[in-house]
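One file, structure07.csv, carrying CSV, C-alpha atoms:
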```
chain,number,residue,atom,x,y,z
A,206,MET,CA,-19.9,3.1,9.7
A,207,SER,CA,-17.6,0.7,7.9
A,208,ARG,CA,-15.8,-1.9,9.9
A,209,TYR,CA,-12.2,-1.2,10.7
A,210,VAL,CA,-9.6,-4.0,10.4
A,211,GLY,CA,-6.3,-3.0,11.9
A,212,SER,CA,-4.0,-6.1,11.3
A,213,LYS,CA,-2.1,-5.8,8.0
A,214,TRP,CA,-1.4,-9.6,8.3
A,215,ARG,CA,-5.1,-10.5,8.5
A,216,LYS,CA,-5.9,-8.3,5.6
A,217,THR,CA,-3.1,-9.8,3.5
A,218,VAL,CA,-4.4,-13.3,4.3
A,219,ALA,CA,-7.9,-12.2,3.2
A,220,ILE,CA,-6.7,-10.9,-0.1
A,221,ARG,CA,-4.5,-13.9,-0.8
A,222,LYS,CA,-7.4,-16.3,-0.3
A,223,ASN,CA,-8.9,-14.9,-3.5
A,224,THR,CA,-7.3,-16.7,-6.4
A,225,GLU,CA,-7.8,-13.7,-8.7
A,226,LEU,CA,-6.0,-11.4,-6.4
A,227,ALA,CA,-3.2,-13.6,-4.9
A,228,SER,CA,-0.8,-13.0,-7.7
A,229,TYR,CA,-1.0,-9.2,-7.1
A,230,VAL,CA,0.3,-9.4,-3.5
A,231,PRO,CA,4.1,-9.3,-3.1
A,232,ASP,CA,5.5,-12.2,-1.1
A,233,THR,CA,4.7,-11.2,2.5
A,234,LEU,CA,5.5,-13.0,5.8
A,235,ARG,CA,5.4,-12.1,9.5
A,236,MET,CA,8.9,-10.8,10.3
A,237,THR,CA,11.3,-12.9,12.3
A,238,ASN,CA,15.1,-13.1,12.3
A,239,THR,CA,14.8,-16.0,9.9
A,240,THR,CA,12.1,-14.7,7.5
A,241,LEU,CA,13.8,-11.3,7.1
A,242,LEU,CA,17.1,-13.0,6.1
A,243,GLN,CA,15.3,-15.4,3.8
A,244,HIS,CA,13.5,-12.5,2.0
A,245,LEU,CA,16.8,-10.5,1.7
A,246,ASN,CA,18.5,-13.5,0.2
A,247,ARG,CA,15.7,-14.1,-2.2
A,248,TYR,CA,14.8,-10.5,-3.2
A,249,ALA,CA,17.8,-8.3,-2.1
A,250,MET,CA,15.4,-5.5,-1.2
A,251,VAL,CA,12.4,-5.7,1.1
A,252,TYR,CA,10.1,-3.5,3.1
A,253,ILE,CA,9.3,-4.1,6.7
A,254,LYS,CA,6.2,-2.5,8.3
A,255,PRO,CA,4.4,-2.7,11.6
A,256,GLU,CA,1.4,-5.1,11.6
A,257,PHE,CA,-0.6,-2.3,13.2
A,258,GLY,CA,0.1,1.2,12.1
A,259,MET,CA,-1.1,4.1,9.8
A,260,HIS,CA,0.2,6.8,7.5
A,261,GLY,CA,3.4,4.9,6.6
A,262,ASN,CA,4.8,5.3,10.1
A,263,GLY,CA,7.6,2.8,10.9
A,264,VAL,CA,8.1,1.5,7.4
A,265,ILE,CA,11.7,0.6,6.8
A,266,ARG,CA,13.4,-0.4,3.5
A,267,VAL,CA,16.1,-3.0,4.0
A,268,GLU,CA,18.6,-4.0,1.3
A,269,ARG,CA,21.4,-6.5,0.8
A,270,THR,CA,24.4,-4.8,-0.7
A,271,ALA,CA,27.9,-5.7,-2.0
A,272,ALA,CA,29.3,-4.5,1.3
A,273,GLY,CA,26.7,-6.1,3.5
A,274,TYR,CA,23.3,-4.6,4.4
A,275,LYS,CA,21.6,-1.3,4.9
A,276,TYR,CA,18.2,0.1,5.9
A,277,GLN,CA,16.4,3.4,5.5
A,278,LEU,CA,13.9,4.7,8.1
A,279,ASN,CA,12.4,8.1,7.2
A,280,LYS,CA,15.5,9.9,5.6
A,281,LYS,CA,18.1,8.1,7.7
A,282,VAL,CA,20.2,5.4,6.1
A,283,ARG,CA,22.4,3.0,8.2
A,284,SER,CA,24.8,0.4,6.8
A,285,PHE,CA,26.1,-2.9,8.4
A,286,GLY,CA,28.8,-5.4,7.5
A,287,ASP,CA,26.9,-8.4,8.7
A,288,TYR,CA,23.3,-9.5,9.1
A,289,ALA,CA,23.4,-10.0,12.9
A,290,ALA,CA,24.3,-6.3,13.4
A,291,LEU,CA,21.5,-5.2,11.0
A,292,TYR,CA,18.9,-7.3,12.7
A,293,ARG,CA,19.9,-6.0,16.2
A,294,SER,CA,19.5,-2.5,15.0
A,295,ILE,CA,16.2,-3.1,13.4
A,296,ARG,CA,14.8,-4.8,16.6
A,297,LEU,CA,15.8,-1.6,18.5
A,298,GLN,CA,13.9,0.5,15.9
A,299,THR,CA,10.8,-1.8,16.0
A,300,GLY,CA,10.7,-1.9,19.8
A,301,GLY,CA,9.4,-5.4,20.0
A,302,LYS,CA,6.3,-4.7,18.0
A,303,LYS,CA,4.9,-7.2,15.4
A,304,TYR,CA,6.2,-6.5,11.9
A,305,LEU,CA,5.7,-7.9,8.4
A,306,VAL,CA,8.4,-8.4,5.8
A,307,GLN,CA,7.4,-7.9,2.2
A,308,LYS,CA,9.2,-8.4,-1.1
A,309,GLY,CA,10.4,-5.0,-2.3
A,310,ILE,CA,8.7,-3.5,-5.4
A,311,ARG,CA,10.8,-0.8,-7.2
A,312,LEU,CA,8.2,1.9,-7.8
A,313,LEU,CA,7.9,4.0,-10.9
A,314,ALA,CA,9.1,7.5,-10.4
A,315,HIS,CA,7.9,11.0,-11.2
A,316,ARG,CA,10.7,13.6,-11.5
A,317,GLY,CA,13.0,11.3,-9.5
A,318,ARG,CA,10.5,10.6,-6.7
A,319,GLN,CA,8.8,7.3,-6.3
A,320,PHE,CA,5.0,7.1,-6.6
A,321,ASP,CA,2.2,4.7,-5.9
A,322,ILE,CA,-1.5,4.8,-6.6
A,323,ARG,CA,-4.4,4.9,-4.1
A,324,VAL,CA,-7.6,3.1,-5.4
A,325,MET,CA,-10.7,3.9,-3.4
A,326,ALA,CA,-13.5,1.3,-3.6
A,327,GLN,CA,-16.9,1.5,-1.9
A,328,PHE,CA,-20.0,-0.6,-1.3
A,329,GLY,CA,-22.4,1.7,-3.0
A,330,PRO,CA,-26.1,2.6,-2.5
A,331,LYS,CA,-27.0,-0.1,-5.0
A,332,ARG,CA,-25.3,-2.6,-2.7
A,333,ALA,CA,-22.6,-3.4,-5.1
A,334,TRP,CA,-18.8,-2.6,-5.0
A,335,GLU,CA,-17.6,0.2,-7.2
A,336,THR,CA,-14.2,1.9,-7.6
A,337,THR,CA,-15.0,5.6,-6.9
A,338,GLY,CA,-11.6,7.2,-7.0
A,339,ILE,CA,-8.0,6.7,-8.2
A,340,ILE,CA,-5.2,9.2,-7.3
A,341,GLY,CA,-1.4,9.1,-7.4
A,342,ARG,CA,0.8,9.7,-4.4
A,343,VAL,CA,4.4,11.0,-4.9
A,344,ALA,CA,6.9,10.5,-2.1
A,345,ALA,CA,8.6,13.5,-0.5
A,346,LYS,CA,12.2,14.1,-1.5
A,347,ASN,CA,14.5,11.3,-0.1
A,348,LYS,CA,11.6,9.5,1.6
A,349,ILE,CA,10.5,5.9,1.0
A,350,VAL,CA,6.8,6.3,1.7
A,351,THR,CA,4.4,8.1,-0.5
A,352,ASN,CA,1.8,8.9,2.2
A,353,TYR,CA,0.3,12.4,2.0
A,354,HIS,CA,0.5,12.8,5.8
A,355,GLY,CA,4.3,12.1,5.5
A,356,GLY,CA,4.8,15.0,3.1
A,357,GLY,CA,3.9,13.2,-0.1
A,358,LYS,CA,2.2,15.0,-3.0
A,359,LEU,CA,-1.1,14.1,-4.7
A,360,LEU,CA,-1.3,14.1,-8.5
A,361,ALA,CA,-3.7,12.7,-11.1
A,362,ALA,CA,-2.8,9.0,-11.7
A,363,SER,CA,-3.1,9.6,-15.4
A,364,ARG,CA,-0.4,12.3,-15.2
A,365,LEU,CA,2.0,10.0,-13.4
A,366,LEU,CA,1.4,7.0,-15.6
A,367,GLY,CA,1.4,8.9,-18.9
A,368,PRO,CA,5.2,9.0,-19.3
A,369,HIS,CA,5.4,5.2,-18.7
A,370,THR,CA,2.7,3.9,-21.0
A,371,ASP,CA,0.8,4.7,-24.2
A,372,ASP,CA,-2.4,3.1,-22.8
A,373,VAL,CA,-3.2,4.9,-19.6
A,374,LYS,CA,-6.9,4.3,-20.0
A,375,SER,CA,-6.6,0.5,-19.9
A,376,LYS,CA,-4.2,0.7,-16.9
A,377,LEU,CA,-6.6,2.7,-14.9
A,378,SER,CA,-9.5,0.4,-15.9
A,379,ALA,CA,-7.5,-2.6,-14.6
A,380,LEU,CA,-6.8,-0.8,-11.3
A,381,SER,CA,-10.6,0.0,-11.1
A,382,LYS,CA,-11.4,-3.7,-11.5
A,383,LEU,CA,-8.8,-4.6,-8.8
A,384,GLY,CA,-10.5,-2.3,-6.4
A,385,VAL,CA,-13.9,-4.0,-6.9
A,386,ARG,CA,-12.4,-7.5,-6.5
A,387,ALA,CA,-10.5,-6.5,-3.4
A,388,GLY,CA,-13.6,-4.9,-1.9
A,389,LYS,CA,-15.6,-8.1,-2.4
A,390,ALA,CA,-12.7,-10.2,-0.9
A,391,MET,CA,-12.4,-8.0,2.1
A,392,GLN,CA,-16.2,-8.0,2.8
A,393,SER,CA,-16.3,-11.7,2.4
A,394,SER,CA,-13.7,-12.1,5.2
A,395,PHE,CA,-14.8,-9.2,7.3
A,396,PRO,CA,-18.6,-8.6,7.1
A,397,GLY,CA,-19.3,-4.9,7.7
A,398,VAL,CA,-16.4,-3.6,5.6
A,399,TYR,CA,-17.9,-1.1,3.1
A,400,VAL,CA,-14.9,0.9,2.0
A,401,ILE,CA,-11.3,0.1,1.2
A,402,GLY,CA,-8.3,2.0,0.0
A,403,LEU,CA,-5.8,0.0,-2.0
A,404,ASP,CA,-2.2,1.1,-2.1
A,405,ILE,CA,-0.9,-0.1,-5.4
A,406,ALA,CA,2.7,0.0,-6.7
A,407,MET,CA,3.4,-0.1,-10.4
A,408,ASP,CA,6.7,-1.7,-11.3
A,409,GLU,CA,8.8,-1.0,-14.4
A,410,SER,CA,6.7,-3.5,-16.5
A,411,LEU,CA,3.5,-1.7,-15.4
A,412,GLN,CA,2.5,-4.7,-13.3
A,413,PRO,CA,0.3,-3.6,-10.4
A,414,TRP,CA,1.1,-4.8,-6.9
A,415,ILE,CA,-1.2,-4.5,-3.9
A,416,LEU,CA,1.0,-3.3,-1.1
A,417,GLU,CA,-1.7,-2.7,1.5
A,418,VAL,CA,-5.4,-2.6,2.1
A,419,ASN,CA,-6.8,0.1,4.3
A,420,THR,CA,-10.3,-0.2,5.8
A,421,ARG,CA,-10.4,3.4,7.0
A,422,PRO,CA,-8.9,5.3,4.0
A,423,ASP,CA,-8.8,9.1,4.1
A,424,PRO,CA,-11.5,10.3,1.7
A,425,TYR,CA,-10.3,13.9,1.9
A,426,ILE,CA,-7.2,13.3,-0.3
A,427,PHE,CA,-9.6,13.1,-3.2
A,428,ARG,CA,-10.3,16.8,-2.7
A,429,LYS,CA,-7.0,17.1,-4.7
A,430,HIS,CA,-8.5,15.0,-7.6
A,431,PRO,CA,-8.8,17.1,-10.8
A,432,ASP,CA,-12.4,16.1,-11.1
A,433,PRO,CA,-14.4,17.5,-8.1
A,434,ASN,CA,-17.2,15.1,-8.8
A,435,VAL,CA,-15.0,12.2,-7.6
A,436,PHE,CA,-14.8,13.6,-4.1
A,437,ARG,CA,-18.5,14.4,-4.1
A,438,LYS,CA,-19.4,10.8,-5.1
A,439,ILE,CA,-17.1,9.3,-2.4
A,440,MET,CA,-18.7,11.4,0.3
A,441,ARG,CA,-22.2,10.6,-1.0
A,442,TYR,CA,-21.5,6.9,-1.0
A,443,ALA,CA,-20.0,7.1,2.5
A,444,LYS,CA,-23.3,8.5,3.9
A,445,ALA,CA,-25.1,5.5,2.3
A,446,TYR,CA,-23.2,2.7,4.0
A,447,PRO,CA,-25.6,0.1,5.6
A,448,LYS,CA,-26.1,0.8,9.3
A,449,SER,CA,-25.7,-2.8,10.3
```
Kindly transcribe the structure held in the file into structure tokens.
Amino acid sequence: MSRYVGSKWRKTVAIRKNTELASYVPDTLRMTNTTLLQHLNRYAMVYIKPEFGMHGNGVIRVERTAAGYKYQLNKKVRSFGDYAALYRSIRLQTGGKKYLVQKGIRLLAHRGRQFDIRVMAQFGPKRAWETTGIIGRVAAKNKIVTNYHGGGKLLAASRLLGPHTDDVKSKLSALSKLGVRAGKAMQSSFPGVYVIGLDIAMDESLQPWILEVNTRPDPYIFRKHPDPNVFRKIMRYAKAYPKS
């Protein structure tokens, strides 16, 4: 059994400690009245998300607009004339739970719907990290999260990236290397981690951004991968995790 790490903040810190990975992590802070305002002033669009949570639940997109501010939670959008009113409303939504605020990355889109990419990396039977699966996740209509459990659609990453680049192969290779590096970094900080799922956003310049690291990623989404051998390998590796 692979170790589970719940805190998104602790995982962010672990990834940023690695100099090769730090530049791939969007500017992320623990959310307070001050840090949310600072990020909005700096980036205009941010995402806030619960420090502890799964399946994209509770993720809110917050934007500074010409008329003030607005946020979207699920499919509902609310607008505010001033920051104080925005923050009061957000605190009602977050219910006093710990949240993070992260620089907003404008995702590439497939047929008008945003997508990101899940990269699965595992500590394999040869006791080395390996990226075992890459798959694309397309958000449901009018939603801000791509999570399959929230109505998102799973498609081959190559199909999603194809319209945006002439060199899909090298992009996927780079994502594969990111998976291995992130796996090593997580295991270094959290011994007993043998699998990770990276949620990676690709911006308009095809720069990858590590949005989140999952230490209990759902392997069954890879049943939707066009190559059935990918899912078989993931499950085979899962059975071979060290028992320590």
* Quick one: distance from atom CA of Ser284 of chain A to atom CA of Ala249 of chain A in Å, one decimal? ->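 So the answer is 14.3 Å.
With all atoms listed in the file as the basis for measurement, A:Leu380 is the residue among A:Ile265, A:Ile310, A:Leu365, A:Leu380 that approaches Glu335 of chain A most closely.
Atom CA of Arg235 of chain A sits 6.0 Å away from atom CA of Val306 of chain A.
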* Asked: So what do you get for atom CA of Ile322 of chain A versus atom CA of Arg386 of chain A, distance-wise?
  ->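 Atom CA of Arg386 of chain A lies at a distance of 16.4 Å from atom CA of Ile322 of chain A.
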Output as a tab-separated table one row per residue of segment 373-416 of chain A within 8 Å of segment 231-234 of chain A: the closest atom pair and its distance in Å to one decimal place, counting only C-alpha atoms, sorted by chain and residue number ascending.
```
residue	atom	partner	partner_atom	distance
A:Trp414	CA	A:Pro231	CA	6.6
A:Ile415	CA	A:Pro231	CA	7.2
A:Leu416	CA	A:Pro231	CA	7.0
```
Hey, can you spit out that residue selection with C-alpha atoms as a PDB file, keeping the file's coordinate frame?
```
ATOM      1  CA  TRP A 414       1.100  -4.800  -6.900  1.00  0.00           C
ATOM      2  CA  ILE A 415      -1.200  -4.500  -3.900  1.00  0.00           C
ATOM      3  CA  LEU A 416       1.000  -3.300  -1.100  1.00  0.00           C
TER       4      LEU A 416
END
```
* Would you please work out which residue, of A:Leu403, A:Val435, A:Leu297, A:Met250, is nearest to Lys275 of chain A when using only C-alpha atoms? =>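 The closest residue to Lys275 of chain A is A:Met250.
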* **Expected answer as an MDAnalysis selection string: all residues with atoms within 12 Å of (-16.0, -10.5, 2.7), all atoms listed in the file** => chainID A and resid 208 210 216 219:220 222:223 328 334 385:401
* Structure fact -> Shortest contact to Pro330 of chain A, candidates A:Met236, A:Ile295, A:Leu312, A:Ala445, atoms counted all atoms listed in the file, goes to A:Ala445
* Asked: If I put a ball of radius 12 Å at (-21.3, 10.8, -5.3) in the file's coordinates, which residues poke into it when counting all atoms listed in the file, written as a PyMOL selection string?
  -> chain A and resi 327+329-330+335-338+432-445
* Closest of A:Arg323, A:Arg318, A:Arg311, A:Arg296 to Leu383 of chain A - atom-to-atom distances counting all atoms listed in the file -> A:Arg323
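The shortest atom-to-atom distance to Val264 of chain A, with all atoms listed in the file taken into account, belongs to A:Lys280 out of A:Lys280, A:Arg364, A:Lys382, A:Arg247.
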* Asked: Which residues, written as a PyMOL selection string, have at least one atom at most 7 Å from His430 of chain A, with only C-alpha atoms counted and residues fewer than 3 positions away on the same chain left out?
  -> chain A and resi 340+361+427+433
Go ahead and write the residues just picked, C-alpha atoms, as a short mmCIF file (atom, residue, chain, number, x, y, z; two decimals), keeping the file's coordinate frame.
```
data_model
loop_
_atom_site.label_atom_id
_atom_site.label_comp_id
_atom_site.auth_asym_id
_atom_site.auth_seq_id
_atom_site.Cartn_x
_atom_site.Cartn_y
_atom_site.Cartn_z
CA ILE A 340 -5.20 9.20 -7.30
CA ALA A 361 -3.70 12.70 -11.10
CA PHE A 427 -9.60 13.10 -3.20
CA PRO A 433 -14.40 17.50 -8.10
#
```
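Residues in contact with Leu359 of chain A at up to 7 Å, not including ones fewer than 6 positions away on its chain and judged by all atoms listed in the file, are Ile340, Gly341, Arg342, Val343 and Lys429 of chain A.
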* Residues near Ser410 of chain A, cut-off 10 Å, all atoms listed in the file, skip fewer than 2 positions along chain, as a list in words ->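 Residues meeting the cut-off are Leu313, His369, Thr370, Met407, Asp408, Gln412 and Pro413 of chain A.
Of the residues under consideration (A:Ile253, A:Ala345, A:Ala326, A:Arg283), A:Ala326 shows the shortest atom-to-atom contact distance to Asp423 of chain A when counting all atoms listed in the file.
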